[in-house]
Every structure is written in structure tokens, then in C-alpha cells.
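Here the structure comes first, spelled out in C-alpha cells, and everything after it is commentary.
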Amino acid sequence: MLIEGEPRRTIWLAGDGRRVEIIDQTRLPHEFVIATLDTLEDAARAIEQMQVRGAPLIGATAAYGICLALAEDASDEALERACARLLRTRPTAVNLHWAIEDMRRRLAGLPPDARVAAAYARAAEICEEDVAICRAIGDHGLELIRTIAAAKPAGEPVNILTHCNAGWLATIDWGTATAPIYRAQQEGIAVHVWVDETRPRNQGAALTAFELLHQGVPHTVIVDNVGGHLMQHGMVDLCITGTDRTTRTGDVANKIGTYLKALAARDNGVPFYVALPSPTIDWRIGDGIREIPIEQRDPREVTEITGTTADGRIETVRLTPAGSPAANYAFDVTPARCVTGLITERGVCPASAEGLAALFPERAGAAADAG
Ligand code: MRU
């Protein structure tokens with residue numbers, strides 16, 4: 001996707017073929033800064049501090065973190081240490097576990113001197129697979145948008161509400177929730193996106209708005225509490241969000257506040273879809289509310305806010321009384337019953353065990369065999 005008209009991805013190999021470069025997302029939308037990851041620790045910190053974020057991109061960064069670790073020491077112990085370090089970075093997005101397990105499984109059986117090349121090859125493949133998956137999600141989601149557009153008066157845009165950033169900045173390219181939007185734009189279907197700001201870290205206001213602006217997609221940033229009002233007044237045709245972990249039964253963990261949007265959508269008869277690549281499905285678990293670990297982050301993300309001043313300085317200011325405690329739950333779980341459908345790379349299915357099993361019979365079958 002484009003920044004200043006130039007095609008970009010979120011993560012790539014540096015010119016030396018060893019180090020890894022990323023867009024530092026903590027600096028957006030105010031500054032475009034490329035950061036270089038030189039070591040395992042750089043990769044782990046980039047995930048923890050959210051220089052990279054979004055479930056698929058966290059997984060890809062972890063895969064490259066293993067490459068960086070093995071480039072220094074390709075022993076069994078170093079591989080295990082790298083996996084353990086990266087697993088501790090963030091708890092909710094299951095793509096992290098998926099990518100680390102995938103790398104470990106492929107690399108552990110190789111002799112140490114074959115591991116580095118194999119690790120870099122697999123990390124690059126994970127990135128390419130993600131691009132292809134997101135593009136396919138876009139094609140399937142496009143049909144939903146096309147159907148809604150056909151039922152609207154000619155020229156009226158399809159109004160889509162999204163939460164957080166499940167855009168290309170959260171993946172390698174295209175995004176999950178945004179892929180159908182970008183495909184609709186390519187097909188000449190008029191769309192307008194309501195962008196939830198997504199406090200406390202403002203991934204909507206900072207990142208989704210940045211993406212859509214650079215991509216030329218009409219959009220409006222709204223505060224998190226506006227969605228229900230818009231839905232009551234017929235101003236939202238469709239909600240599409242991403243997810244950090246979806247159970248085999250279709251419960252969906254996503255950025256805090258997603259659940260409330262799904263409730264409002266249900267009350268107002270607005271279709272609420274969740275777009276996800278299959279590595280986001282946790283086939284081991286069936287009860288999202290009880291079994292998905294919910295990250296709690298630094299309360300200062302709630303008590304403070306960062307932005308640019310009129311003269312271009314980036315400043316952080318306090319919002320709350322100094323003595324008031326704050327809690328910072330980063331994700332919530334939307335039960336499958338509140339989700340109209342899941343948009344995956346293999347098609348759209350009901351948010352249910354049967355729906356997911358019909359699209360991914362081999363994964364559902366393996367999960368059932370594992371008990
Ligand atoms: O805390 P973040 O910014 O990593 O949370 C990101 C989200 O909640 C996204 O919606 C999710 O990862 C899906 S990304 C395609």
C-alpha cells in the first residue's frame with residue numbers, strides 16, 4: 001500500500017540480508033521513521049513497545065526475531081531461548097505463537113549450520129503468505145460490499161465502520177479488515193469509512209486514518225462512543241474489524257471496545273463481520289471469554305495522551321487527576337453470537353465451530369484428534 005504515493009510494506013530485510021527494517025508505528029502519524037532490528041532483543045522490544053503491532057505483523061516480526069538470534073548463535077539452546085523470549089512479548093494475539101511454533105518445528109530438526117538460511121527463507125515465506133491471505137480476504141469481503149452497494153441508491157457510498165487498526169500496518173500489506181475496502185476502491189465502488197479512534201493508543205485515529213488518507217479512501221475519524229448513534233440513524237451499512245485470536249467456535253478477541261460495537265450492531269441490525277487470516281484461529285480453545293488471555297498494559301496509556309503541538313513538537317500530556325488509578329485492558333472478546341460472519345482467505349463463514357470446520361476441515365479435524 002502507499003505512503004506519499006510510494007508502495008510500502010511494514011517489514012522487510014535490510015540491504016545486508018541480515019538485519020530487518022520496520023516502519024516504527026509509535027511515531028505515526030506524526031513522523032515516518034524506519035527502524036532497524038539488529039538483534040533478537042531489538043525484535044522482542046519492537047513487539048513489546050508496539051513499534052510493530054497487529055496480530056499478523058507481530059507473528060512476522062517474531063519469525064525474523066528468530067532469524068536474528070540464529071544469525072548470532074544457531075545452537076539448540078539459542079533457538080529455544082529465542083522462542084521463549086519472543087513468546088513473552090505480548091499475550092493475546094495467537095499469530096505470535098503460531099509463527100514461533102512454525103519456525104521452531106521447521107528449524108529444530110535441522111543441523112545448526114543449515115538453520116540460518118532456512119530461518120530467513122521461512123520468515124520471508126510467512127510474509128508472502130500473509131500478503132496472499134490478506135489479498136484473498138479482500139476478494140471475499142469485496143463481494144459483501146458489492147452486494148450492499150447494489151442495494152443502495154446509485155452514487156451513495158457504502159458506510160463501513162472499523163475499530164482499531166486491522167489495516168495494512170497491522171499485517172505485511174493490504175490488512176485484514178481494510179483489504180475488502182481497498183479492493184472495493186480498486187473496483188470503483190464508493191466507500192466511506194467511519195474510523196473509531198480506539199483509545200487509549202488511538203490505533204484508529206493514528207494508523208487507520210493515516211493509511212486511508214494515503215490510500216485516498218474517504219473516511220471520518222470518530223470517538224469511540226459514536227458508533228451506536230450512527231447505527232441508530234442508518235449511517236453504518238457494515239462493520240468490519242480484525243481479530244487477535246478467534247476460537248474454533250468463532251468467539252473473537254480484538255482491541256478493547258470491539259464487543260460494544262458488536263452489541264450496538266446487533267441491536268440495530270447492522271452486519272458485523274470479522275476479517276481474519278487462518279493463523280489467527282486458535283483451534284485449541286472453544287470459550288473465548290474464559291480462555292483467551294487479555295493483555296493489560298501500562299495505565300499511563302490511559303492517563304496520558306501524545307500528539308503534536310501547533311509548532312510540530314511531539315508532546316505527551318496528562319489527562320487525569322494525578323491521584324486517580326487507571327486500568328488498561330487492551331482487548332475484549334466478542335461472542336460468536338454477535339458476529340454476522342468471518343471473512344477468511346477461504347471465504348466467508350458463520351462464526352461457529354461448524355462454519356470454521358467447513359472452511360478448514362483439515363485444521364478442525366486435527367484439533368479434534370488432539371482432543
Ligand atoms: O494492540 P494492537 O494494536 O496490536 O491491536 C491490534 C488489533 O486489535 C487488530 O485489530 C488485530 O490485531 C487484527 S490485525 C489485522
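By order in the C-alpha cells, chains are A, B, ...; within a chain, residues start at 1; ligands start at 1, following the order shown.
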
Any idea what's packed within 8 Å of Ile58 in chain A, counting only C-alpha atoms, ignoring anything in its chain fewer than 3 positions away? Could you give it as a ChimeraX atom specification?
-> /A:47,52-55,61-62,93,95-96

For the selection you just gave me, I'd like the residues written to a file as a compact mmCIF listing (two decimals), in the first residue's frame, keeping C-alpha atoms.
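Output saved as part04.txt:
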```
# COMPACT_ATOMS: atom_id res chain seq x y z
CA ILE A 47 6.81 -6.03 19.65
CA VAL A 52 5.16 -3.15 15.30
CA ARG A 53 1.70 -4.29 16.30
CA GLY A 54 -1.32 -6.05 14.84
CA ALA A 55 -1.59 -9.83 15.07
CA THR A 61 8.40 -9.89 13.40
CA ALA A 62 8.81 -12.82 15.79
CA ALA A 93 -2.50 -12.35 19.51
CA ASN A 95 -0.29 -15.35 15.46
CA LEU A 96 2.76 -14.82 17.66
```

For Glu354 in chain A, please output as an mmCIF file with N, CA and C atoms, in the first residue's frame all residues within 12 Å (counting only C-alpha atoms; exclusion window: fewer than 4 positions along the same chain).
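That gives us selection_33.cif:
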```cif
data_model
loop_
_atom_site.group_PDB
_atom_site.id
_atom_site.type_symbol
_atom_site.label_atom_id
_atom_site.label_comp_id
_atom_site.auth_asym_id
_atom_site.auth_seq_id
_atom_site.Cartn_x
_atom_site.Cartn_y
_atom_site.Cartn_z
ATOM 1 N N ARG A 248 -12.040 -21.795 17.944
ATOM 2 C CA ARG A 248 -12.580 -22.700 16.900
ATOM 3 C C ARG A 248 -14.101 -22.603 16.826
ATOM 4 N N THR A 249 -14.709 -21.976 17.855
ATOM 5 C CA THR A 249 -16.170 -21.817 17.873
ATOM 6 C C THR A 249 -16.612 -20.444 17.363
ATOM 7 N N GLY A 250 -15.637 -19.594 16.999
ATOM 8 C CA GLY A 250 -15.984 -18.296 16.405
ATOM 9 C C GLY A 250 -16.057 -17.122 17.369
ATOM 10 N N ALA A 336 -19.346 -15.329 19.608
ATOM 11 C CA ALA A 336 -19.700 -15.680 18.228
ATOM 12 C C ALA A 336 -21.123 -15.254 17.867
ATOM 13 N N CYS A 349 -17.696 -17.344 6.353
ATOM 14 C CA CYS A 349 -18.443 -18.421 7.010
ATOM 15 C C CYS A 349 -19.139 -17.879 8.252
ATOM 16 N N PRO A 350 -20.150 -18.624 8.736
ATOM 17 C CA PRO A 350 -20.743 -18.230 10.012
ATOM 18 C C PRO A 350 -19.703 -18.324 11.129
ATOM 19 N N ALA A 358 -16.092 -26.148 8.209
ATOM 20 C CA ALA A 358 -16.415 -26.348 6.790
ATOM 21 C C ALA A 358 -15.343 -25.720 5.894
ATOM 22 N N LEU A 359 -14.768 -24.599 6.336
ATOM 23 C CA LEU A 359 -13.734 -23.949 5.515
ATOM 24 C C LEU A 359 -12.347 -24.549 5.744
ATOM 25 N N PHE A 360 -12.106 -25.036 6.962
ATOM 26 C CA PHE A 360 -10.768 -25.543 7.303
ATOM 27 C C PHE A 360 -10.883 -26.955 7.888
ATOM 28 N N PRO A 361 -11.410 -27.920 7.089
ATOM 29 C CA PRO A 361 -11.675 -29.252 7.654
ATOM 30 C C PRO A 361 -10.415 -29.909 8.192
ATOM 31 N N ALA A 364 -9.633 -28.328 11.670
ATOM 32 C CA ALA A 364 -10.639 -28.692 12.670
ATOM 33 C C ALA A 364 -10.503 -30.169 13.026
ATOM 34 N N GLY A 365 -10.229 -30.988 12.003
ATOM 35 C CA GLY A 365 -10.072 -32.426 12.235
ATOM 36 C C GLY A 365 -8.866 -32.706 13.110
#
```

Considering only C-alpha atoms, state which residue in the set A:Glu211, A:Glu80, A:Asp369, A:Asp298 is at the smallest distance from Leu107 in chain A.
->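 Residue with the minimum atom-to-atom distance to Leu107 in chain A: A:Glu80.
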
Separation of CA of Glu21 in chain A and CA of Thr36 in chain A, in Å?
->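 So the answer is 4.6 Å.
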
List every residue of chain A that has an atom at most 8 Å from any atom of ligand 1, and for each one report the closest atom pair and its distance in Å to one decimal, counting only C-alpha atoms and all ligand atoms, with rows sorted by chain and then by increasing residue number, as CSV.
```
residue,atom,partner,partner_atom_place_in_ligand_line,distance
A:Met50,CA,ligand 1,4 (O),7.0
A:Val52,CA,ligand 1,4 (O),7.6
A:Arg53,CA,ligand 1,4 (O),4.0
A:Gly54,CA,ligand 1,12 (O),3.5
A:Ala55,CA,ligand 1,12 (O),3.9
A:Pro56,CA,ligand 1,15 (C),6.1
A:Leu57,CA,ligand 1,14 (S),7.7
A:Ile58,CA,ligand 1,4 (O),7.6
A:Ala93,CA,ligand 1,12 (O),6.6
A:His163,CA,ligand 1,10 (O),6.9
A:Cys164,CA,ligand 1,10 (O),5.3
A:Asn165,CA,ligand 1,10 (O),5.3
A:Ala166,CA,ligand 1,15 (C),3.8
A:Gly167,CA,ligand 1,15 (C),6.0
A:Trp168,CA,ligand 1,15 (C),7.5
A:Ala170,CA,ligand 1,14 (S),4.8
A:Thr171,CA,ligand 1,15 (C),5.7
A:Gly175,CA,ligand 1,15 (C),5.6
A:Thr176,CA,ligand 1,15 (C),4.8
A:Ala177,CA,ligand 1,15 (C),6.7
A:Arg201,CA,ligand 1,3 (O),7.7
A:Gln203,CA,ligand 1,3 (O),6.1
A:Thr241,CA,ligand 1,10 (O),6.2
A:Gly242,CA,ligand 1,13 (C),4.0
A:Thr243,CA,ligand 1,13 (C),4.2
A:Asp244,CA,ligand 1,12 (O),4.5
A:Ala253,CA,ligand 1,8 (O),7.9
A:Asn254,CA,ligand 1,8 (O),4.5
A:Lys255,CA,ligand 1,8 (O),3.8
A:Ile256,CA,ligand 1,8 (O),7.5
A:Ala275,CA,ligand 1,15 (C),7.7
A:Leu276,CA,ligand 1,15 (C),6.9
A:Ala330,CA,ligand 1,1 (O),6.5
A:Phe331,CA,ligand 1,8 (O),6.9
```

Using only C-alpha atoms, please write the residues we just selected to a file, as a compact mmCIF listing (two decimals), in the first residue's frame.
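Dumped everything to selection.txt:
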```txt
# COMPACT_ATOMS: atom_id res chain seq x y z
CA MET A 50 4.40 -1.65 19.76
CA VAL A 52 5.16 -3.15 15.30
CA ARG A 53 1.70 -4.29 16.30
CA GLY A 54 -1.32 -6.05 14.84
CA ALA A 55 -1.59 -9.83 15.07
CA PRO A 56 -0.09 -10.86 11.68
CA LEU A 57 2.77 -8.36 11.86
CA ILE A 58 3.65 -9.43 15.39
CA ALA A 93 -2.50 -12.35 19.51
CA HIS A 163 -12.25 -0.37 15.05
CA CYS A 164 -8.55 -0.20 15.90
CA ASN A 165 -6.14 -0.77 13.03
CA ALA A 166 -6.62 -4.02 11.18
CA GLY A 167 -5.16 -2.36 8.14
CA TRP A 168 -2.01 -2.95 6.16
CA ALA A 170 -1.15 -4.46 11.17
CA THR A 171 -0.14 -7.01 8.54
CA GLY A 175 -4.62 -5.52 6.01
CA THR A 176 -7.46 -7.80 7.03
CA ALA A 177 -10.45 -5.53 7.76
CA ARG A 201 -3.43 4.04 21.98
CA GLN A 203 -4.66 2.96 16.53
CA THR A 241 -12.98 -5.43 12.34
CA GLY A 242 -9.90 -7.57 12.70
CA THR A 243 -9.09 -10.05 15.45
CA ASP A 244 -6.08 -11.11 17.50
CA ALA A 253 -10.79 -11.33 20.69
CA ASN A 254 -9.97 -7.91 19.31
CA LYS A 255 -8.99 -4.45 20.51
CA ILE A 256 -10.88 -3.24 23.56
CA ALA A 275 -11.79 -10.46 8.89
CA LEU A 276 -9.05 -12.91 9.78
CA ALA A 330 -6.16 -3.96 25.82
CA PHE A 331 -8.60 -6.48 24.29
```

Which residues come within 8 Å of range 260-262 of chain A, counting only C-alpha atoms, excluding same-chain residues fewer than 5 positions away, as a PyMOL selection string?
-> chain A and resi 227-228+272+334+338-339

Apply DSSP to the structure's backbone, then extract all residues of range 226-343 of chain A labelled strand (DSSP E) and return them as a PyMOL selection string.
-> chain A and resi 238-241+245-247+252-255+272-275+281-282+304-308+314-318+331-334+341-343

All residues 6 Å or closer to range 191-197 of chain A, only C-alpha atoms, same chain fewer than 5 positions away omitted, as a PyMOL selection string | chain A and resi 157-163+202+204-205+218-224

With only C-alpha atoms as the atoms that count, which of A:Leu40, A:Ile148, A:Ala154, A:Val217 lies nearest to Ala78 in chain A?
-> A:Leu40
